[in-house]
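Encoded as structure tokens, the structure appears first; notes follow it.
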Amino acid sequence: MSQPVAPVRHVLIEGNKSYHNITEDLCSPTEKTPSREWIVVFAMSTALVGLYVFSITWTVWKGIGTWNLNRTINWGWDITNFVWWIGIGHAGTLISAILLLFRQRWRTGVNRAAEAMTIFAVICAGQFPIFHMGRVWMAMFTIPFPNTRGPLWVNFNSPLLWDIFAISTYFSVSVLFWYTGLVPDLATIRDRATGFRRKMYDMFSFGWTGSAKHWQRHESLSLVLAGLSTPLVLSVHTIVSFDFATSVIPGWHTTIFPPYFVAGAVFSGFAMVQTLMIITRKVLGLKEYITINHIESMNKVIVLTGTIVGVAYLTELFVAWYSGYIYEQFAFYNRVFGPYWWSYFGMMFCNVVSPQLFWSRSIRRSVWWTFFMSIIINIGMWFERFVIIPTTLSRDFLPSSWSLYSPTWVEISMFLGTMGVFFFCYLIFTRVAPVVAIAEVKAILKVAGDQYIGPKANKSHGHSHGEPSKKEVGEG
Amino acid sequence: MAAQSKKVLYGLYNDEEELKSAIKTANAQHLNIMDVFTPFPVHGLDPILGLKESRLHIMGFIYGSIGALFAFLAMTWIFTSDWPIVFGGKPYWSVPAFIPIVFENTVLYSAWGMTITFYTVCGMWPGVKAKTLDDRITDDKFCIAFDVSEAAEGDVKNLQGFFTQTGAAEVNVKTM
């Protein structure tokens, strides 16, 4: 704590918190009876989970003929929703892994919830390709083992199989990273609990004691897992984009897809984190831990990634024109002015134009604007995937097979159902585990608490250590 | 494991800076600290406690290498000798196409291997009963513990004196 305090450093923990206050504030949501808002939202999510179960049962029972896919447009809402959900998951890993490597302290306020969001989003994403298989009990044939008719293996050269490896690795590594980070915090809840709750948390906290050697190993593990997750998260969306980019479909067969998909994924993921965190900080009363500074930092990432996505859209258009290849040119003409023109303009407006508002500091720091924008961006990123998938497929090489597509109630229900699954899991998570990483917030208290830095810093603070020098405190 | 129970004398501090200066004092007085418990990772503790750098990351590298080799050799064996198939006129042994899966398997083995190693060397598993000295150690107390099972009366007095001298908020004895 003796390092000088950088003048650019923001207050990340408000309210003059002590270590004990942090424990109280962050554990209490798991210890109280749920609020009425929680119960209402939980009931709605459970209803949507019911809708999800119904729609997949219908799909499996009747076959995927109940979806409106046709021979021309063989990927519709299913793969659109798959890519959308996978993209949303990326923000969690970015916050927890990449920002850990960059030593960004503001990650501590939001990383735990964002990682949980990653896991739930990947669960939702996985539903779509699995049920798109139609005979869902055949899903095990994607796992590489010799089948019963002889040693015939899966095709290791196929991007679809790479996707299986990428997403299952991503899911399991995210779970490890998240849970290992959660163990000390579960121990904190354990040590406050009594009776049956104590027994349960005793089991789930794996016997954590907080020994110095354990912390050292824990930090080493977290750092290496972060280092592993960073290329992993980039590889996941890269490989998702390979599903398209390695095909020979004009409009898909482009080398810009991997970086553009990754930037779009982070963009949409941060929007979803904003949506969730703005609700969470209000409902659970965590405004002193998820501060306006956190929201502003995330909005800066949104304006950056939104602009990268915008540049990618324009580059695609330019390269299509410049290529001199009529099929490519037609694919892009069709995207902009074809039957689905509205989704292209929706995408352009939501993803490229609207985030530019965040160049304004007052909008970046406005909770209402941020919430509104996060919804707009989520819609925009859904449009992006819709533009890439059904729009491109609808006009293929043979005009005789041109087609249009609109989803059936089964596809719509399944999508709404995964929203239910997502919020159902997230709401349970807020009840059983602290949504803000307790130990990590305590670890930054002395460099980011408002009694130590910023205009409210207590200049005559009674500690003989750790408090910034007068010059540094004077910096606002 | 340890059949007989241990008698532990421990002091609780209110702040990590007090903890660190107390550890330095203990080192100066050649006191043999059993363990230190903190609610969050306190930086600068490892050197003064004489903890060596964790070797977990070396294991991570080894597990990752095993994962990479396994994926690469398995795909090589499958596509060159077990069941060779021509995909799109490409060679059987199409190495560039193996890269994504080799990478994913490297990460998978490394992450799982390290995590399992971490829990094993820390003696942590689901259902392990935590041997906590005090419930507030995971909240806001910083603890130094001494093993006094075989300590003489005078030594215990000496340790209690050390705690008073270094400003411990509480000093307790627990048998565990």
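Quick note on naming: the chains in the structure tokens go A, B, ... in the order shown, residues restart at 1 in each chain, and ligands are numbered from 1 in order of appearance.
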Margin query: List as a PyMOL selection string the protein and nucleic acid residues near Leu94 in chain A, meaning an atom at most 12 Å away when only C-alpha atoms are counted, but skip any in the same chain fewer than 6 places from it.
Written below: chain A and resi 87-88+100-102+104+107+110-112+114-115+117-118+174+226-234+262-263+265-270+273+298+301
Could you build a table of the residues in chain B lying no more than 7 Å from chain A, giving for each the nearest pair of atoms and their separation in Å rounded to one decimal place, using only C-alpha atoms, ordered by chain and ascending residue number, as a Markdown table?
| residue | atom | partner | partner_atom | distance |
| --- | --- | --- | --- | --- |
| B:Asp35 | CA | A:Ser211 | CA | 6.6 |
| B:Val36 | CA | A:Ala212 | CA | 5.5 |
| B:Phe37 | CA | A:Ser211 | CA | 4.3 |
| B:Thr38 | CA | A:Gly210 | CA | 5.4 |
| B:Pro39 | CA | A:Gly210 | CA | 6.1 |
| B:Phe40 | CA | A:Ala439 | CA | 4.8 |
| B:Pro41 | CA | A:Trp215 | CA | 5.6 |
| B:Ser54 | CA | A:Arg217 | CA | 5.8 |
| B:Leu56 | CA | A:Leu221 | CA | 6.9 |
| B:His57 | CA | A:Val224 | CA | 6.6 |
| B:Trp83 | CA | A:Leu152 | CA | 6.5 |
| B:Ala97 | CA | A:Asn157 | CA | 5.3 |
| B:Phe98 | CA | A:Asn157 | CA | 6.8 |
| B:Pro100 | CA | A:Trp162 | CA | 6.3 |
| B:Ile101 | CA | A:Trp162 | CA | 6.0 |
| B:Glu104 | CA | A:Ala166 | CA | 5.9 |
| B:Val107 | CA | A:Leu228 | CA | 6.2 |
| B:Leu108 | CA | A:Thr169 | CA | 5.7 |
| B:Ala111 | CA | A:Leu225 | CA | 6.3 |
| B:Phe118 | CA | A:Arg217 | CA | 7.0 |
| B:Cys122 | CA | A:His214 | CA | 6.3 |
| B:Met124 | CA | A:Phe206 | CA | 5.1 |
| B:Trp125 | CA | A:Phe206 | CA | 4.6 |
| B:Pro126 | CA | A:Phe206 | CA | 4.5 |
| B:Gly127 | CA | A:Met203 | CA | 4.2 |
| B:Val128 | CA | A:Gly207 | CA | 4.9 |
| B:Lys129 | CA | A:Gly207 | CA | 5.2 |
| B:Ala130 | CA | A:Gly207 | CA | 3.8 |
| B:Lys131 | CA | A:Thr209 | CA | 6.7 |
| B:Thr132 | CA | A:Thr209 | CA | 5.7 |
| B:Asp135 | CA | A:Asp191 | CA | 4.9 |
| B:Thr138 | CA | A:Thr188 | CA | 4.9 |
| B:Asp139 | CA | A:Thr23 | CA | 6.0 |
| B:Asp140 | CA | A:Tyr19 | CA | 5.3 |
Let me see the file: selected residues, N, CA and C atoms, as an mmCIF file, in the first residue's frame.
data_model
loop_
_atom_site.group_PDB
_atom_site.id
_atom_site.type_symbol
_atom_site.label_atom_id
_atom_site.label_comp_id
_atom_site.auth_asym_id
_atom_site.auth_seq_id
_atom_site.Cartn_x
_atom_site.Cartn_y
_atom_site.Cartn_z
ATOM 1 N N ASP B 35 1.070 -20.466 11.012
ATOM 2 C CA ASP B 35 0.391 -20.037 9.786
ATOM 3 C C ASP B 35 -0.193 -18.651 10.010
ATOM 4 N N VAL B 36 -0.517 -18.005 8.893
ATOM 5 C CA VAL B 36 -1.152 -16.691 8.936
ATOM 6 C C VAL B 36 -2.428 -16.795 8.116
ATOM 7 N N PHE B 37 -3.518 -16.277 8.654
ATOM 8 C CA PHE B 37 -4.806 -16.352 7.953
ATOM 9 C C PHE B 37 -5.327 -14.944 7.717
ATOM 10 N N THR B 38 -5.796 -14.688 6.503
ATOM 11 C CA THR B 38 -6.293 -13.347 6.182
ATOM 12 C C THR B 38 -7.601 -13.455 5.401
ATOM 13 N N PRO B 39 -8.426 -12.415 5.458
ATOM 14 C CA PRO B 39 -9.696 -12.465 4.709
ATOM 15 C C PRO B 39 -9.525 -12.237 3.213
ATOM 16 N N PHE B 40 -8.398 -11.690 2.817
ATOM 17 C CA PHE B 40 -8.150 -11.485 1.381
ATOM 18 C C PHE B 40 -6.650 -11.599 1.162
ATOM 19 N N PRO B 41 -6.199 -11.762 -0.072
ATOM 20 C CA PRO B 41 -4.764 -11.904 -0.303
ATOM 21 C C PRO B 41 -4.033 -10.604 0.025
ATOM 22 N N SER B 54 4.806 -20.103 -5.591
ATOM 23 C CA SER B 54 4.045 -21.315 -5.901
ATOM 24 C C SER B 54 4.539 -21.929 -7.213
ATOM 25 N N LEU B 56 2.664 -23.860 -8.961
ATOM 26 C CA LEU B 56 1.449 -24.289 -9.651
ATOM 27 C C LEU B 56 1.498 -23.999 -11.153
ATOM 28 N N HIS B 57 2.086 -22.847 -11.501
ATOM 29 C CA HIS B 57 2.099 -22.484 -12.921
ATOM 30 C C HIS B 57 2.994 -23.429 -13.728
ATOM 31 N N TRP B 83 -8.188 -44.466 -39.456
ATOM 32 C CA TRP B 83 -9.288 -44.378 -40.409
ATOM 33 C C TRP B 83 -9.058 -43.175 -41.325
ATOM 34 N N ALA B 97 -5.304 -27.597 -39.934
ATOM 35 C CA ALA B 97 -6.677 -27.778 -39.447
ATOM 36 C C ALA B 97 -6.709 -28.356 -38.042
ATOM 37 N N PHE B 98 -5.566 -28.848 -37.567
ATOM 38 C CA PHE B 98 -5.544 -29.404 -36.200
ATOM 39 C C PHE B 98 -5.347 -28.310 -35.147
ATOM 40 N N PRO B 100 -6.845 -25.468 -34.103
ATOM 41 C CA PRO B 100 -7.859 -25.072 -33.112
ATOM 42 C C PRO B 100 -8.067 -26.111 -32.011
ATOM 43 N N ILE B 101 -8.152 -27.375 -32.396
ATOM 44 C CA ILE B 101 -8.427 -28.384 -31.370
ATOM 45 C C ILE B 101 -7.211 -28.587 -30.470
ATOM 46 N N GLU B 104 -7.421 -25.746 -27.999
ATOM 47 C CA GLU B 104 -8.485 -25.897 -26.996
ATOM 48 C C GLU B 104 -8.115 -26.973 -25.979
ATOM 49 N N VAL B 107 -5.606 -25.711 -23.391
ATOM 50 C CA VAL B 107 -6.236 -24.893 -22.352
ATOM 51 C C VAL B 107 -7.034 -25.786 -21.401
ATOM 52 N N LEU B 108 -7.757 -26.730 -21.965
ATOM 53 C CA LEU B 108 -8.614 -27.599 -21.142
ATOM 54 C C LEU B 108 -7.777 -28.387 -20.131
ATOM 55 N N ALA B 111 -6.063 -25.978 -17.493
ATOM 56 C CA ALA B 111 -6.974 -25.394 -16.504
ATOM 57 C C ALA B 111 -7.464 -26.451 -15.519
ATOM 58 N N PHE B 118 -4.408 -27.591 -7.439
ATOM 59 C CA PHE B 118 -4.576 -26.555 -6.410
ATOM 60 C C PHE B 118 -5.389 -27.087 -5.228
ATOM 61 N N CYS B 122 -3.821 -28.016 -1.449
ATOM 62 C CA CYS B 122 -4.356 -27.228 -0.338
ATOM 63 C C CYS B 122 -5.204 -28.088 0.594
ATOM 64 N N MET B 124 -8.126 -29.230 -0.053
ATOM 65 C CA MET B 124 -9.506 -28.731 -0.110
ATOM 66 C C MET B 124 -10.326 -29.568 -1.071
ATOM 67 N N TRP B 125 -11.461 -30.033 -0.593
ATOM 68 C CA TRP B 125 -12.392 -30.770 -1.440
ATOM 69 C C TRP B 125 -13.800 -30.559 -0.932
ATOM 70 N N PRO B 126 -14.821 -30.814 -1.731
ATOM 71 C CA PRO B 126 -16.175 -30.691 -1.204
ATOM 72 C C PRO B 126 -16.336 -31.590 0.010
ATOM 73 N N GLY B 127 -16.871 -31.038 1.065
ATOM 74 C CA GLY B 127 -17.104 -31.838 2.249
ATOM 75 C C GLY B 127 -15.978 -31.806 3.255
ATOM 76 N N VAL B 128 -14.829 -31.192 2.902
ATOM 77 C CA VAL B 128 -13.760 -31.070 3.898
ATOM 78 C C VAL B 128 -14.204 -30.066 4.959
ATOM 79 N N LYS B 129 -14.086 -30.468 6.204
ATOM 80 C CA LYS B 129 -14.491 -29.574 7.290
ATOM 81 C C LYS B 129 -13.392 -28.535 7.479
ATOM 82 N N ALA B 130 -13.766 -27.266 7.394
ATOM 83 C CA ALA B 130 -12.758 -26.215 7.512
ATOM 84 C C ALA B 130 -12.233 -26.142 8.937
ATOM 85 N N LYS B 131 -10.903 -26.114 9.070
ATOM 86 C CA LYS B 131 -10.305 -25.973 10.401
ATOM 87 C C LYS B 131 -10.068 -24.493 10.651
ATOM 88 N N THR B 132 -11.144 -23.763 10.916
ATOM 89 C CA THR B 132 -10.972 -22.330 11.123
ATOM 90 C C THR B 132 -10.740 -22.044 12.600
ATOM 91 N N ASP B 135 -14.244 -17.380 13.292
ATOM 92 C CA ASP B 135 -15.156 -17.082 12.187
ATOM 93 C C ASP B 135 -14.898 -15.727 11.556
ATOM 94 N N THR B 138 -12.536 -14.748 7.991
ATOM 95 C CA THR B 138 -12.999 -14.530 6.617
ATOM 96 C C THR B 138 -13.772 -13.219 6.507
ATOM 97 N N ASP B 139 -13.820 -12.470 7.601
ATOM 98 C CA ASP B 139 -14.545 -11.200 7.572
ATOM 99 C C ASP B 139 -13.553 -10.028 7.613
ATOM 100 N N ASP B 140 -13.056 -9.698 8.814
ATOM 101 C CA ASP B 140 -12.178 -8.531 8.877
ATOM 102 C C ASP B 140 -11.023 -8.690 9.857
#
| query | Glu37 in chain A: which residues within 8 Å, counting only C-alpha atoms, same-chain residues fewer than 3 positions away excluded, as a PyMOL selection string? | reply | chain A and resi 40-41+283
Output file for the selection above: N, CA and C atoms, as a PDB file, in the first residue's frame:
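Written file, out_33.pdb:
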ATOM      1  N   VAL A  40     -41.220 -11.492  -7.900  1.00  0.00           N
ATOM      2  CA  VAL A  40     -41.992 -11.250  -9.124  1.00  0.00           C
ATOM      3  C   VAL A  40     -41.168 -11.637 -10.356  1.00  0.00           C
ATOM      4  N   VAL A  41     -39.913 -11.175 -10.382  1.00  0.00           N
ATOM      5  CA  VAL A  41     -39.082 -11.470 -11.554  1.00  0.00           C
ATOM      6  C   VAL A  41     -38.791 -12.971 -11.624  1.00  0.00           C
ATOM      7  N   VAL A 283     -31.609  -3.285  -7.012  1.00  0.00           N
ATOM      8  CA  VAL A 283     -32.436  -4.205  -6.228  1.00  0.00           C
ATOM      9  C   VAL A 283     -31.701  -4.675  -4.975  1.00  0.00           C
TER      10      VAL A 283
END
A straight line from CA of Ser55 in chain A to CA of Val410 in chain A spans 5.5 Å
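CA of Ile143 in chain A sits 20.3 Å away from CA of Val95 in chain B.
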Query - Expected answer as a list in words: strand (DSSP E or B) residues in range 99-162 of chain B - result: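 Secondary structure check on range 99-162 of chain B, strand (DSSP E or B): Phe142, Cys143, Ile144, Ala145, Phe146 and Asp147 of chain B.
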Val319 in chain A proximity check over A:His253, A:Lys32, A:Lys282, A:Arg364, using only C-alpha atoms: winner is A:His253
What separates CA of Lys24 in chain B and CA of Asp155 in chain B is a distance of 18.5 Å
